[in-house]
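Engineer: Dropping in coords-v5.txt, with compact mmCIF, C-alpha atoms.
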```
# COMPACT_ATOMS: atom_id res chain seq x y z
CA MET A 1 23.60 20.98 -25.05
CA GLY A 2 26.44 18.97 -26.50
CA ARG A 3 28.46 22.19 -26.72
CA ALA A 4 27.83 23.34 -23.18
CA HIS A 5 30.78 24.13 -20.97
CA LYS A 6 31.45 21.88 -18.01
CA GLY A 7 31.50 23.32 -14.55
CA ARG A 8 29.19 25.74 -12.80
CA ASP A 9 29.48 29.14 -14.43
CA SER A 10 27.61 32.13 -13.09
CA TRP A 11 24.36 32.20 -15.03
CA GLU A 12 23.61 35.67 -13.74
CA ARG A 13 26.15 37.25 -16.09
CA PRO A 14 24.83 38.39 -19.50
CA ALA A 15 24.96 35.98 -22.40
CA ARG A 16 28.13 36.10 -24.49
CA ARG A 17 28.05 38.59 -27.35
CA GLY A 18 26.47 36.89 -30.33
CA GLY A 19 25.42 33.98 -28.12
CA GLN A 20 22.24 33.09 -26.31
CA ARG A 21 21.50 32.94 -22.60
CA ARG A 22 21.18 29.39 -21.34
CA ARG A 23 18.70 27.97 -18.90
CA GLN A 24 20.50 26.48 -15.90
CA VAL A 25 19.49 22.97 -14.80
CA PHE A 26 20.90 21.54 -11.58
CA VAL A 27 20.79 17.78 -11.06
CA PHE A 28 21.24 15.74 -7.88
CA THR A 29 22.09 12.08 -8.54
CA GLU A 30 21.68 9.11 -6.23
CA GLY A 31 24.65 7.29 -7.70
CA LYS A 32 28.24 8.57 -7.72
CA VAL A 33 29.24 6.77 -10.92
CA THR A 34 26.44 5.52 -13.18
CA GLU A 35 24.18 8.55 -13.41
CA PRO A 36 27.01 11.13 -13.56
CA SER A 37 28.75 9.20 -16.33
CA TYR A 38 25.46 9.11 -18.24
CA LEU A 39 24.89 12.84 -17.76
CA ASP A 40 28.41 13.60 -18.94
CA ILE A 41 27.64 11.78 -22.19
CA LEU A 42 24.48 13.85 -22.61
CA LYS A 43 26.46 17.03 -22.03
CA ASP A 44 29.12 16.10 -24.58
CA LYS A 45 27.10 14.25 -27.22
CA GLY A 46 23.46 15.24 -26.81
CA VAL A 47 21.82 16.94 -29.79
CA PRO A 48 19.73 19.88 -28.55
CA HIS A 49 16.27 20.77 -29.79
CA ALA A 50 16.77 23.60 -32.28
CA ASP A 51 13.59 25.40 -31.24
CA LYS A 52 14.10 25.35 -27.47
CA VAL A 53 16.17 27.41 -25.06
CA PRO A 54 19.74 26.07 -24.73
CA VAL A 55 20.46 24.36 -21.42
CA GLU A 56 23.54 24.33 -19.25
CA MET A 57 23.51 21.37 -16.88
CA HIS A 58 25.32 21.06 -13.56
CA ILE A 59 25.62 17.94 -11.40
CA ALA A 60 24.98 19.60 -8.06
CA ASN A 61 26.30 16.83 -5.80
CA ARG A 62 29.05 15.32 -7.97
CA LYS A 63 31.63 15.37 -5.18
CA ALA A 64 29.34 14.49 -2.27
CA ASP A 65 30.19 11.34 -0.31
CA SER A 66 26.95 11.23 1.68
CA GLY A 67 23.36 12.41 1.57
CA ARG A 68 22.55 10.39 -1.54
CA LYS A 69 19.36 8.65 -0.48
CA PRO A 70 16.29 9.89 -2.38
CA LEU A 71 14.73 11.85 0.47
CA ASP A 72 18.10 13.47 1.25
CA LEU A 73 18.47 14.45 -2.41
CA VAL A 74 15.04 16.04 -2.45
CA GLU A 75 15.78 18.06 0.68
CA GLN A 76 19.04 19.33 -0.84
CA ALA A 77 17.27 20.09 -4.11
CA ILE A 78 14.57 22.12 -2.35
CA LYS A 79 17.22 24.21 -0.59
CA LEU A 80 19.07 24.86 -3.84
CA LYS A 81 15.84 25.71 -5.65
CA HIS A 82 15.04 28.38 -3.09
CA GLU A 83 18.50 29.90 -3.62
CA GLU A 84 18.26 29.80 -7.41
CA ASP A 85 14.72 31.18 -7.41
CA ARG A 86 15.90 34.18 -5.38
CA LYS A 87 18.73 34.83 -7.82
CA ALA A 88 16.37 34.51 -10.77
CA LYS A 89 13.96 36.99 -9.20
CA ARG A 90 16.72 39.52 -8.63
CA ALA A 91 17.92 39.05 -12.20
CA LYS A 92 14.35 39.41 -13.50
CA LEU A 93 14.75 36.42 -15.78
CA GLU A 94 12.10 35.59 -18.32
CA ALA A 95 10.11 32.46 -17.56
CA LYS A 96 11.86 30.42 -20.25
CA TYR A 97 15.23 31.06 -18.58
CA LEU A 98 14.20 30.25 -15.02
CA PRO A 99 16.52 27.64 -13.45
CA ALA A 100 15.29 24.12 -12.75
CA VAL A 101 16.36 21.60 -10.14
CA TRP A 102 16.02 17.86 -10.68
CA CYS A 103 16.82 14.60 -8.90
CA LEU A 104 17.72 11.27 -10.48
CA PHE A 105 17.00 8.33 -8.21
CA ASP A 106 15.65 4.80 -8.19
CA HIS A 107 13.22 2.78 -6.13
CA ASP A 108 15.88 0.23 -5.16
CA ARG A 109 13.72 -0.87 -2.19
CA TYR A 110 14.21 2.47 -0.49
CA LYS A 111 11.86 2.73 2.50
CA TYR A 112 10.77 6.34 1.98
CA ILE A 113 10.53 6.43 -1.81
CA ARG A 114 6.91 7.59 -1.77
CA ASP A 115 7.77 10.43 0.60
CA ALA A 116 10.66 11.50 -1.63
CA LEU A 117 8.48 11.60 -4.75
CA GLU A 118 5.64 13.43 -3.04
CA GLU A 119 7.92 16.01 -1.39
CA ALA A 120 9.61 16.68 -4.73
CA GLU A 121 6.30 17.21 -6.49
CA LYS A 122 5.06 19.63 -3.83
CA ALA A 123 8.26 21.68 -4.04
CA GLY A 124 8.45 21.83 -7.82
CA ILE A 125 11.50 19.58 -8.01
CA GLY A 126 11.68 17.38 -11.09
CA VAL A 127 12.43 13.68 -10.63
CA ALA A 128 13.72 11.18 -13.17
CA PHE A 129 12.67 7.91 -11.56
CA SER A 130 13.40 4.28 -12.36
CA TYR A 131 12.09 1.04 -10.83
CA PRO A 132 13.94 -0.93 -9.68
CA CYS A 133 17.01 1.02 -10.83
CA PHE A 134 18.68 3.08 -13.55
CA GLU A 135 19.77 -0.10 -15.33
CA VAL A 136 16.21 -0.43 -16.64
CA TRP A 137 16.82 2.71 -18.70
CA ARG A 138 20.19 1.40 -19.87
CA LEU A 139 18.57 -1.88 -20.86
CA ALA A 140 15.86 -0.09 -22.85
CA HIS A 141 18.56 1.11 -25.25
CA TYR A 142 18.91 -2.51 -26.42
CA LYS A 143 15.62 -4.34 -26.10
CA PRO A 144 12.02 -4.17 -24.89
CA VAL A 145 11.72 -4.55 -21.14
CA SER A 146 8.93 -6.68 -19.70
CA GLY A 147 8.18 -8.71 -16.60
CA SER A 148 8.69 -7.70 -13.00
CA PHE A 149 12.18 -7.53 -11.47
CA ALA A 150 10.60 -7.93 -8.01
CA GLY A 151 12.38 -4.77 -6.97
CA VAL A 152 15.83 -6.32 -7.44
CA CYS A 153 18.28 -4.29 -9.53
CA ASP A 154 20.58 -7.23 -10.28
CA GLY A 155 17.90 -8.72 -12.51
CA ALA A 156 17.99 -5.67 -14.79
CA ALA A 157 21.77 -5.35 -14.73
CA ALA A 158 22.19 -9.01 -15.65
CA ARG A 159 20.30 -8.45 -18.92
CA LEU A 160 22.66 -5.78 -20.18
CA PRO A 161 24.39 -7.30 -23.23
CA PHE A 162 27.76 -5.66 -22.59
CA GLN A 163 27.99 -7.26 -19.16
CA ARG A 164 28.66 -10.72 -20.53
CA GLY A 165 32.16 -11.52 -21.68
CA SER A 166 32.96 -7.98 -22.78
CA GLN A 167 35.63 -5.53 -21.77
CA ASP A 168 32.89 -3.24 -20.47
CA ALA A 169 32.14 -5.77 -17.75
CA ARG A 170 35.25 -4.58 -15.92
CA THR A 171 33.51 -1.30 -15.11
CA PRO A 172 29.81 -2.23 -15.07
CA LYS A 173 28.68 0.92 -13.27
CA VAL A 174 30.28 3.28 -15.79
CA VAL A 175 28.08 4.28 -18.72
CA LEU A 176 30.22 4.52 -21.87
CA PRO A 177 29.33 6.45 -25.04
CA HIS A 178 29.32 3.43 -27.36
CA GLN A 179 26.69 1.78 -25.15
CA LEU A 180 24.24 4.62 -25.88
CA LEU A 181 24.95 6.64 -28.98
CA GLY A 182 22.51 6.10 -31.80
CA ARG A 183 20.10 4.21 -29.54
CA TYR A 184 18.02 6.98 -27.95
CA GLU A 185 14.93 6.56 -30.13
CA THR A 186 14.93 2.83 -29.37
CA ALA A 187 15.29 3.50 -25.64
CA ARG A 188 12.45 6.01 -25.58
CA LYS A 189 10.13 3.70 -27.53
CA ASN A 190 10.91 0.74 -25.28
CA ALA A 191 10.45 2.82 -22.13
CA GLU A 192 7.10 4.18 -23.27
CA GLN A 193 5.85 0.70 -24.15
CA MET A 194 7.03 -0.65 -20.81
CA ASN A 195 5.38 2.16 -18.86
CA SER A 196 2.10 1.85 -20.77
CA ARG A 197 1.57 -1.65 -19.41
CA HIS A 198 0.88 -0.26 -15.94
CA ALA A 199 -2.67 0.74 -15.12
CA ALA A 200 -3.20 4.47 -14.57
CA HIS A 201 -4.29 3.93 -10.96
CA VAL A 202 -0.98 2.26 -10.02
CA ALA A 203 1.28 4.79 -8.29
CA LYS A 204 4.65 5.46 -9.88
CA TRP A 205 6.51 3.99 -6.92
CA ASP A 206 4.69 0.67 -7.43
CA ARG A 207 5.35 0.31 -11.17
CA ASP A 208 7.86 -2.50 -11.77
CA PRO A 209 9.55 -2.04 -14.20
CA TYR A 210 9.40 1.67 -14.96
CA THR A 211 11.55 4.60 -16.05
CA ASP A 212 10.87 8.16 -17.15
CA VAL A 213 14.46 9.23 -17.76
CA HIS A 214 13.57 10.00 -21.38
CA GLU A 215 11.17 12.70 -20.19
CA PHE A 216 13.99 14.29 -18.21
CA VAL A 217 16.27 14.16 -21.26
CA GLU A 218 13.77 15.96 -23.47
CA ASN A 219 11.84 18.21 -21.10
CA ALA A 220 14.58 19.28 -18.68
CA LEU A 221 17.70 19.15 -20.83
CA HIS A 222 16.02 19.93 -24.17
CA ILE A 223 17.93 17.15 -25.87
CA ALA A 224 16.32 15.74 -28.99
CA THR A 225 18.55 12.69 -29.39
CA TYR A 226 22.07 11.32 -28.90
```
Here is the file; what I need is its structure written in the form of structure tokens.

Structural biologist:
Amino acid sequence: MGRAHKGRDSWERPARRGGQRRRQVFVFTEGKVTEPSYLDILKDKGVPHADKVPVEMHIANRKADSGRKPLDLVEQAIKLKHEEDRKAKRAKLEAKYLPAVWCLFDHDRYKYIRDALEEAEKAGIGVAFSYPCFEVWRLAHYKPVSGSFAGVCDGAAARLPFQRGSQDARTPKVVLPHQLLGRYETARKNAEQMNSRHAAHVAKWDRDPYTDVHEFVENALHIATY
């Protein structure tokens, strides 16, 4: 994964001689800065699982200026999935190489968040979801996360250690490599502990705080650590 080429190459062409075909994963992000900067770090620095199919990731809406609300993302993802599924069928790809389409979005008090999550599930679109926002996942790289944020993202962002009196505070929305690298195992452990505090009957969109970004990292991108 860390050696993948940037850009959207044609996955329908044969794998390079001596190389291995990659599974294509397309990601729609709600944010224009935070999530893409995080994904770029995964692409450059992520350590892939040795026993899984290599992945080539594409940020499908990197340049989009609109259509970034969760339900809009899901609708775009469904359309792209139909296109990619048709290509995969024509190419007669093995199941392990079939393309996947994901969305990364937050609760962030969005009115139709339940609809977005349910529509994605019905269409086979993966979702990496955080409540109240992606900063919960960033925070998990540093410390356990507990207590409700009452749906307000600023509460999570304010706890980030590099936001106080550091040079990083000048660009708070940008995720930088030194804020993450070497901390993945801590983040996953903290996220799993946080999520386990919610009763099973509580719907995902009502779990505050919550994040399952680590599942996306491992199951969609086949990254073992970073």

Engineer: Which residues are near Lys143 of chain A? Cut-off 8 Å, only C-alpha atoms, ignore same chain within fewer than 4 positions. Put them as number ranges by chain.

Structural biologist: A: 139, 186-187, 190

Engineer: Can you write just those residues out, C-alpha atoms, as a PDB file, in the coordinates of the input?

Structural biologist:
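Saved as out-v2.pdb:
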```
ATOM      1  CA  LEU A 139      18.570  -1.880 -20.860  1.00  0.00           C
ATOM      2  CA  THR A 186      14.930   2.830 -29.370  1.00  0.00           C
ATOM      3  CA  ALA A 187      15.290   3.500 -25.640  1.00  0.00           C
ATOM      4  CA  ASN A 190      10.910   0.740 -25.280  1.00  0.00           C
TER       5      ASN A 190
END
```

Engineer: Quick one: of A:Phe162, A:Tyr97, A:Trp102, A:Tyr210, who's nearest to Arg21 of chain A, counting all atoms listed in the file?

Structural biologist: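 Of all the options, A:Tyr97 lies closest to Arg21 of chain A.
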
Engineer: Which of these residues is nearest to Val217 of chain A, using all atoms listed in the file: A:Arg188, A:Lys122, A:Arg86, A:Arg170?

Structural biologist: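 Ranked by minimum distance to Val217 of chain A, first place goes to A:Arg188.
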
Engineer: Could you list, as a ChimeraX atom specification, every residue within 9 Å of segment 75-79 of chain A, counting only C-alpha atoms and ignoring same-chain residues fewer than 2 positions away?

Structural biologist: /A:26-28,60,67,70-73,81-84,101-103,116,119-120,123-125

Engineer: Residues of the last selection are to be written out with C-alpha atoms, as a CSV table (one decimal), in the frame of the given file.

Structural biologist:
```csv
chain,number,residue,atom,x,y,z
A,26,PHE,CA,20.9,21.5,-11.6
A,27,VAL,CA,20.8,17.8,-11.1
A,28,PHE,CA,21.2,15.7,-7.9
A,60,ALA,CA,25.0,19.6,-8.1
A,67,GLY,CA,23.4,12.4,1.6
A,70,PRO,CA,16.3,9.9,-2.4
A,71,LEU,CA,14.7,11.8,0.5
A,72,ASP,CA,18.1,13.5,1.2
A,73,LEU,CA,18.5,14.4,-2.4
A,81,LYS,CA,15.8,25.7,-5.6
A,82,HIS,CA,15.0,28.4,-3.1
A,83,GLU,CA,18.5,29.9,-3.6
A,84,GLU,CA,18.3,29.8,-7.4
A,101,VAL,CA,16.4,21.6,-10.1
A,102,TRP,CA,16.0,17.9,-10.7
A,103,CYS,CA,16.8,14.6,-8.9
A,116,ALA,CA,10.7,11.5,-1.6
A,119,GLU,CA,7.9,16.0,-1.4
A,120,ALA,CA,9.6,16.7,-4.7
A,123,ALA,CA,8.3,21.7,-4.0
A,124,GLY,CA,8.4,21.8,-7.8
A,125,ILE,CA,11.5,19.6,-8.0
```

Engineer: For the atom pair atom CA of Asp154 of chain A and atom CA of Lys69 of chain A, what is the interatomic distance in Å to one decimal place?

Structural biologist: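 Answer for the atom CA of Asp154 of chain A to atom CA of Lys69 of chain A separation: 18.7 Å.
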
Engineer: Using Å and a single decimal, report how far atom CA of Asp208 of chain A sits from atom CA of Ser148 of chain A.

Structural biologist: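 Interatomic distance here is 5.4 Å.
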
Engineer: Of the residues A:His201, A:Arg23, A:Lys96, A:Arg207, which is the one nearest to Ser146 of chain A, using only C-alpha atoms?

Structural biologist: A:Arg207

Engineer: Place a sphere of radius 12 Å on (21.9, 13.9, -20.7) in the file coordinates and name every protein, DNA or RNA residue with an atom inside or on its surface, counting all atoms listed in the file; give the answer as a PyMOL selection string.

Structural biologist: chain A and resi 1-2+4+25-27+35-48+55-59+104+128+175+177+180-181+184+213-226

Engineer: Closest to Gln24 of chain A among A:Lys173, A:Arg164, A:Lys87, A:Arg109, using all atoms listed in the file?

Structural biologist: A:Lys87

Engineer: Near Glu94 of chain A, counting all atoms listed in the file, which residues have an atom at most 12 Å away, once you skip same-chain residues fewer than 3 positions from it, shown as a list of chain:residue names?

Structural biologist: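 Final neighbour list, sorted by chain and number: A:Arg21, A:Arg22, A:Arg23, A:Val53, A:Ala88, A:Lys89, A:Arg90, A:Ala91, A:Tyr97, A:Leu98, A:Pro99.
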
Engineer: Ranking A:Asn195, A:Ser66, A:Thr171, A:Gln179 by minimum distance to Val33 of chain A and counting only C-alpha atoms, which one comes first?

Structural biologist: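 Residue with the minimum atom-to-atom distance to Val33 of chain A: A:Thr171.
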
Engineer: Contacts of Phe149 of chain A at 9 Å or less, counting only C-alpha atoms, minus same-chain residues fewer than 6 places along, as a PyMOL selection string?

Structural biologist: chain A and resi 131-132+155-156+208-209

Engineer: Keeping only C-alpha atoms, take the residues you just selected and write them out as an mmCIF file, in the frame of the given file.

Structural biologist:
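The file below, result11.cif, is the result:
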```cif
data_model
loop_
_atom_site.group_PDB
_atom_site.id
_atom_site.type_symbol
_atom_site.label_atom_id
_atom_site.label_comp_id
_atom_site.auth_asym_id
_atom_site.auth_seq_id
_atom_site.Cartn_x
_atom_site.Cartn_y
_atom_site.Cartn_z
ATOM 1 C CA TYR A 131 12.090 1.040 -10.830
ATOM 2 C CA PRO A 132 13.940 -0.930 -9.680
ATOM 3 C CA GLY A 155 17.900 -8.720 -12.510
ATOM 4 C CA ALA A 156 17.990 -5.670 -14.790
ATOM 5 C CA ASP A 208 7.860 -2.500 -11.770
ATOM 6 C CA PRO A 209 9.550 -2.040 -14.200
#
```

Engineer: One decimal, in Å: what's the spacing between atom CA of Cys133 of chain A and atom CA of Asp108 of chain A?

Structural biologist: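 Computed distance, atom CA of Cys133 of chain A to atom CA of Asp108 of chain A, equals 5.8 Å.
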
Engineer: Taking all atoms of segment 184-194 of chain A that the file lists and extending 4 Å past them on each side, where is the centre of the axis-aligned box and how long are its edges? Answer in Å to one decimal, as lines of an AutoDock Vina configuration file.

Structural biologist:
```
center_x = 11.9
center_y = 3.2
center_z = -25.5
size_x = 20.2
size_y = 15.6
size_z = 17.3
```

Engineer: Which is closer to Lys204 of chain A than all the others in A:His178, A:His49, A:His107, A:Lys63, using all atoms listed in the file?

Structural biologist: A:His107

Engineer: If you count all atoms listed in the file, which residues fall within 9 Å of Ala157 of chain A, apart from same-chain ones fewer than 5 positions away, as a PyMOL selection string?

Structural biologist: chain A and resi 133+135-136+138-139+163+172
